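J.: Can you keep this structure in mind? I'll have questions shortly.
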Amino acid sequence: MDVIHCAMWVSDLDRTLSFYVDELGLEKTNEFVSGDGATNVYVAGDDGTEIQFKHHPDHDVDVDADGFDHVALAVDDTDATTERLVEEVGCTLRRGPLTSEGANARVAFIEDPDGYGIELVEELE
């Protein structure tokens, strides 16, 4: 069994895509309007696992709904990526960067434009 994607409602699709595609470097892989009228856009990393963003102008977004915690993304340099996203993009830093001995990784937790948690993970050798 494989993870295919996770789906998140967003308040501003253009702003969200700018963040995930332009700033984080993920690739837009699909876009369509579903039967409920929501625009659905998918982005993926190199391994093909996707994040689905859903947007409908009449849908109120509650970013804390259902206990959502974070999406983890692999990065080459947690410290440099975190610094750039906080200073240049204005992301909120929740925690880190720090070394997680249990995960054998350098990690940091930031927020995307809707306040969703993003964990930046640099695997250590």
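Lettering and numbering for the structure tokens are positional, with chains as A, B, ... in the shown order, residues counted from 1 in each chain, and ligands counted from 1 in the shown order.
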Could you name the residues that touch Glu119 of chain A at 9 Å or less, counting only C-alpha atoms, but leaving out those on the same chain fewer than 3 positions away, as a PyMOL selection string?
T.: chain A and resi 70-74+107-111
J.: Export all heavy atoms of the chosen residues as a PDB file, in the first residue's frame?
T.:
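After the write, result-v9.pdb holds the following:
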```pdb
ATOM      1  N   HIS A  70       0.501  18.507  10.192  1.00  0.00           N
ATOM      2  CA  HIS A  70       1.470  19.064   9.253  1.00  0.00           C
ATOM      3  C   HIS A  70       1.692  18.144   8.059  1.00  0.00           C
ATOM      4  O   HIS A  70       1.348  16.973   8.098  1.00  0.00           O
ATOM      5  CB  HIS A  70       2.809  19.345   9.939  1.00  0.00           C
ATOM      6  CG  HIS A  70       3.569  18.123  10.344  1.00  0.00           C
ATOM      7  ND1 HIS A  70       3.367  17.492  11.550  1.00  0.00           N
ATOM      8  CD2 HIS A  70       4.528  17.405   9.699  1.00  0.00           C
ATOM      9  CE1 HIS A  70       4.181  16.448  11.633  1.00  0.00           C
ATOM     10  NE2 HIS A  70       4.892  16.371  10.515  1.00  0.00           N
ATOM     11  N   VAL A  71       2.307  18.709   7.031  1.00  0.00           N
ATOM     12  CA  VAL A  71       2.808  17.970   5.878  1.00  0.00           C
ATOM     13  C   VAL A  71       4.323  18.035   5.973  1.00  0.00           C
ATOM     14  O   VAL A  71       4.878  19.112   6.221  1.00  0.00           O
ATOM     15  CB  VAL A  71       2.343  18.613   4.548  1.00  0.00           C
ATOM     16  CG1 VAL A  71       3.045  17.985   3.356  1.00  0.00           C
ATOM     17  CG2 VAL A  71       0.845  18.516   4.397  1.00  0.00           C
ATOM     18  N   ALA A  72       5.010  16.911   5.802  1.00  0.00           N
ATOM     19  CA  ALA A  72       6.464  16.884   5.860  1.00  0.00           C
ATOM     20  C   ALA A  72       7.042  16.885   4.446  1.00  0.00           C
ATOM     21  O   ALA A  72       6.603  16.110   3.594  1.00  0.00           O
ATOM     22  CB  ALA A  72       6.943  15.640   6.616  1.00  0.00           C
ATOM     23  N   LEU A  73       8.014  17.778   4.219  1.00  0.00           N
ATOM     24  CA  LEU A  73       8.665  17.889   2.918  1.00  0.00           C
ATOM     25  C   LEU A  73      10.168  17.735   3.092  1.00  0.00           C
ATOM     26  O   LEU A  73      10.770  18.335   3.992  1.00  0.00           O
ATOM     27  CB  LEU A  73       8.373  19.253   2.289  1.00  0.00           C
ATOM     28  CG  LEU A  73       6.896  19.583   2.058  1.00  0.00           C
ATOM     29  CD1 LEU A  73       6.755  21.016   1.564  1.00  0.00           C
ATOM     30  CD2 LEU A  73       6.285  18.612   1.064  1.00  0.00           C
ATOM     31  N   ALA A  74      10.792  16.942   2.221  1.00  0.00           N
ATOM     32  CA  ALA A  74      12.241  16.751   2.263  1.00  0.00           C
ATOM     33  C   ALA A  74      12.935  17.963   1.655  1.00  0.00           C
ATOM     34  O   ALA A  74      12.525  18.464   0.608  1.00  0.00           O
ATOM     35  CB  ALA A  74      12.622  15.493   1.485  1.00  0.00           C
ATOM     36  N   VAL A 107      15.207  19.309  11.422  1.00  0.00           N
ATOM     37  CA  VAL A 107      13.827  19.656  11.090  1.00  0.00           C
ATOM     38  C   VAL A 107      13.492  21.080  11.525  1.00  0.00           C
ATOM     39  O   VAL A 107      14.128  21.638  12.423  1.00  0.00           O
ATOM     40  CB  VAL A 107      12.819  18.673  11.731  1.00  0.00           C
ATOM     41  CG1 VAL A 107      13.079  17.245  11.281  1.00  0.00           C
ATOM     42  CG2 VAL A 107      12.838  18.776  13.245  1.00  0.00           C
ATOM     43  N   ALA A 108      12.475  21.627  10.876  1.00  0.00           N
ATOM     44  CA  ALA A 108      11.897  22.910  11.282  1.00  0.00           C
ATOM     45  C   ALA A 108      10.421  22.865  10.911  1.00  0.00           C
ATOM     46  O   ALA A 108      10.029  22.193   9.951  1.00  0.00           O
ATOM     47  CB  ALA A 108      12.584  24.080  10.586  1.00  0.00           C
ATOM     48  N   PHE A 109       9.622  23.577  11.674  1.00  0.00           N
ATOM     49  CA  PHE A 109       8.188  23.637  11.425  1.00  0.00           C
ATOM     50  C   PHE A 109       7.807  25.076  11.116  1.00  0.00           C
ATOM     51  O   PHE A 109       8.049  25.970  11.922  1.00  0.00           O
ATOM     52  CB  PHE A 109       7.405  23.123  12.639  1.00  0.00           C
ATOM     53  CG  PHE A 109       7.634  21.665  12.907  1.00  0.00           C
ATOM     54  CD1 PHE A 109       8.719  21.247  13.660  1.00  0.00           C
ATOM     55  CD2 PHE A 109       6.771  20.713  12.392  1.00  0.00           C
ATOM     56  CE1 PHE A 109       8.940  19.903  13.909  1.00  0.00           C
ATOM     57  CE2 PHE A 109       6.994  19.360  12.625  1.00  0.00           C
ATOM     58  CZ  PHE A 109       8.068  18.954  13.382  1.00  0.00           C
ATOM     59  N   ILE A 110       7.205  25.286   9.934  1.00  0.00           N
ATOM     60  CA  ILE A 110       6.756  26.601   9.500  1.00  0.00           C
ATOM     61  C   ILE A 110       5.275  26.514   9.169  1.00  0.00           C
ATOM     62  O   ILE A 110       4.671  25.443   9.278  1.00  0.00           O
ATOM     63  CB  ILE A 110       7.545  27.086   8.257  1.00  0.00           C
ATOM     64  CG1 ILE A 110       7.337  26.114   7.078  1.00  0.00           C
ATOM     65  CG2 ILE A 110       9.025  27.267   8.589  1.00  0.00           C
ATOM     66  CD1 ILE A 110       7.816  26.647   5.749  1.00  0.00           C
ATOM     67  N   GLU A 111       4.692  27.631   8.759  1.00  0.00           N
ATOM     68  CA  GLU A 111       3.294  27.646   8.329  1.00  0.00           C
ATOM     69  C   GLU A 111       3.200  28.085   6.876  1.00  0.00           C
ATOM     70  O   GLU A 111       3.941  28.976   6.444  1.00  0.00           O
ATOM     71  CB  GLU A 111       2.473  28.599   9.194  1.00  0.00           C
ATOM     72  CG  GLU A 111       2.331  28.123  10.617  1.00  0.00           C
ATOM     73  CD  GLU A 111       1.496  29.043  11.479  1.00  0.00           C
ATOM     74  OE1 GLU A 111       0.967  30.057  10.974  1.00  0.00           O
ATOM     75  OE2 GLU A 111       1.367  28.739  12.684  1.00  0.00           O
TER      76      GLU A 111
END
```
J.: Thr29 of chain A: which residues within 10 Å, counting only C-alpha atoms, same-chain residues fewer than 4 positions away excluded, as a VMD selection string?
T.: chain A and resid 41 to 45 48 50 to 52
J.: List every residue of chain A that DSSP, applied to the backbone, labels as strand (DSSP E or B), and write the result as number ranges by chain.
T.: A: 5-9, 27-33, 39-44, 50-55, 70-74, 93-100, 105-111, 117-123
J.: Excluding Leu124 of chain A and its own-chain neighbours fewer than 5 positions away, which residues fall within 8 Å of it when counting only C-alpha atoms? Please give them as number ranges by chain.
T.: A: 104-106
J.: Include all heavy atoms and write out the residues we just selected as a compact mmCIF listing (two decimals), in the first residue's frame.
T.:
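Listed below is the output, again35.txt:
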```
# COMPACT_ATOMS: atom_id res chain seq x y z
N ASN A 104 16.61 11.11 13.17
CA ASN A 104 17.90 11.25 12.50
C ASN A 104 17.81 12.30 11.39
O ASN A 104 18.16 12.06 10.25
CB ASN A 104 18.41 9.92 11.95
CG ASN A 104 19.88 10.00 11.57
OD1 ASN A 104 20.65 10.69 12.22
ND2 ASN A 104 20.25 9.30 10.51
N ALA A 105 17.28 13.48 11.78
CA ALA A 105 17.05 14.52 10.80
C ALA A 105 17.16 15.90 11.43
O ALA A 105 16.98 16.06 12.64
CB ALA A 105 15.66 14.36 10.18
N ARG A 106 17.44 16.86 10.60
CA ARG A 106 17.39 18.28 10.98
C ARG A 106 16.03 18.75 10.52
O ARG A 106 15.68 18.60 9.34
CB ARG A 106 18.52 19.04 10.29
CG ARG A 106 18.63 20.47 10.69
CD ARG A 106 19.58 20.64 11.86
NE ARG A 106 19.75 22.07 12.12
CZ ARG A 106 19.72 22.60 13.32
NH1 ARG A 106 19.58 21.84 14.39
NH2 ARG A 106 19.86 23.89 13.48
```
J.: Give the answer as one residue: which of A:Arg95, A:His59, A:Lys54, A:Arg84 has the shortest atom-to-atom distance to Glu31 of chain A, using only C-alpha atoms?
T.: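 Among the listed residues, A:Lys54 lies closest to Glu31 of chain A.
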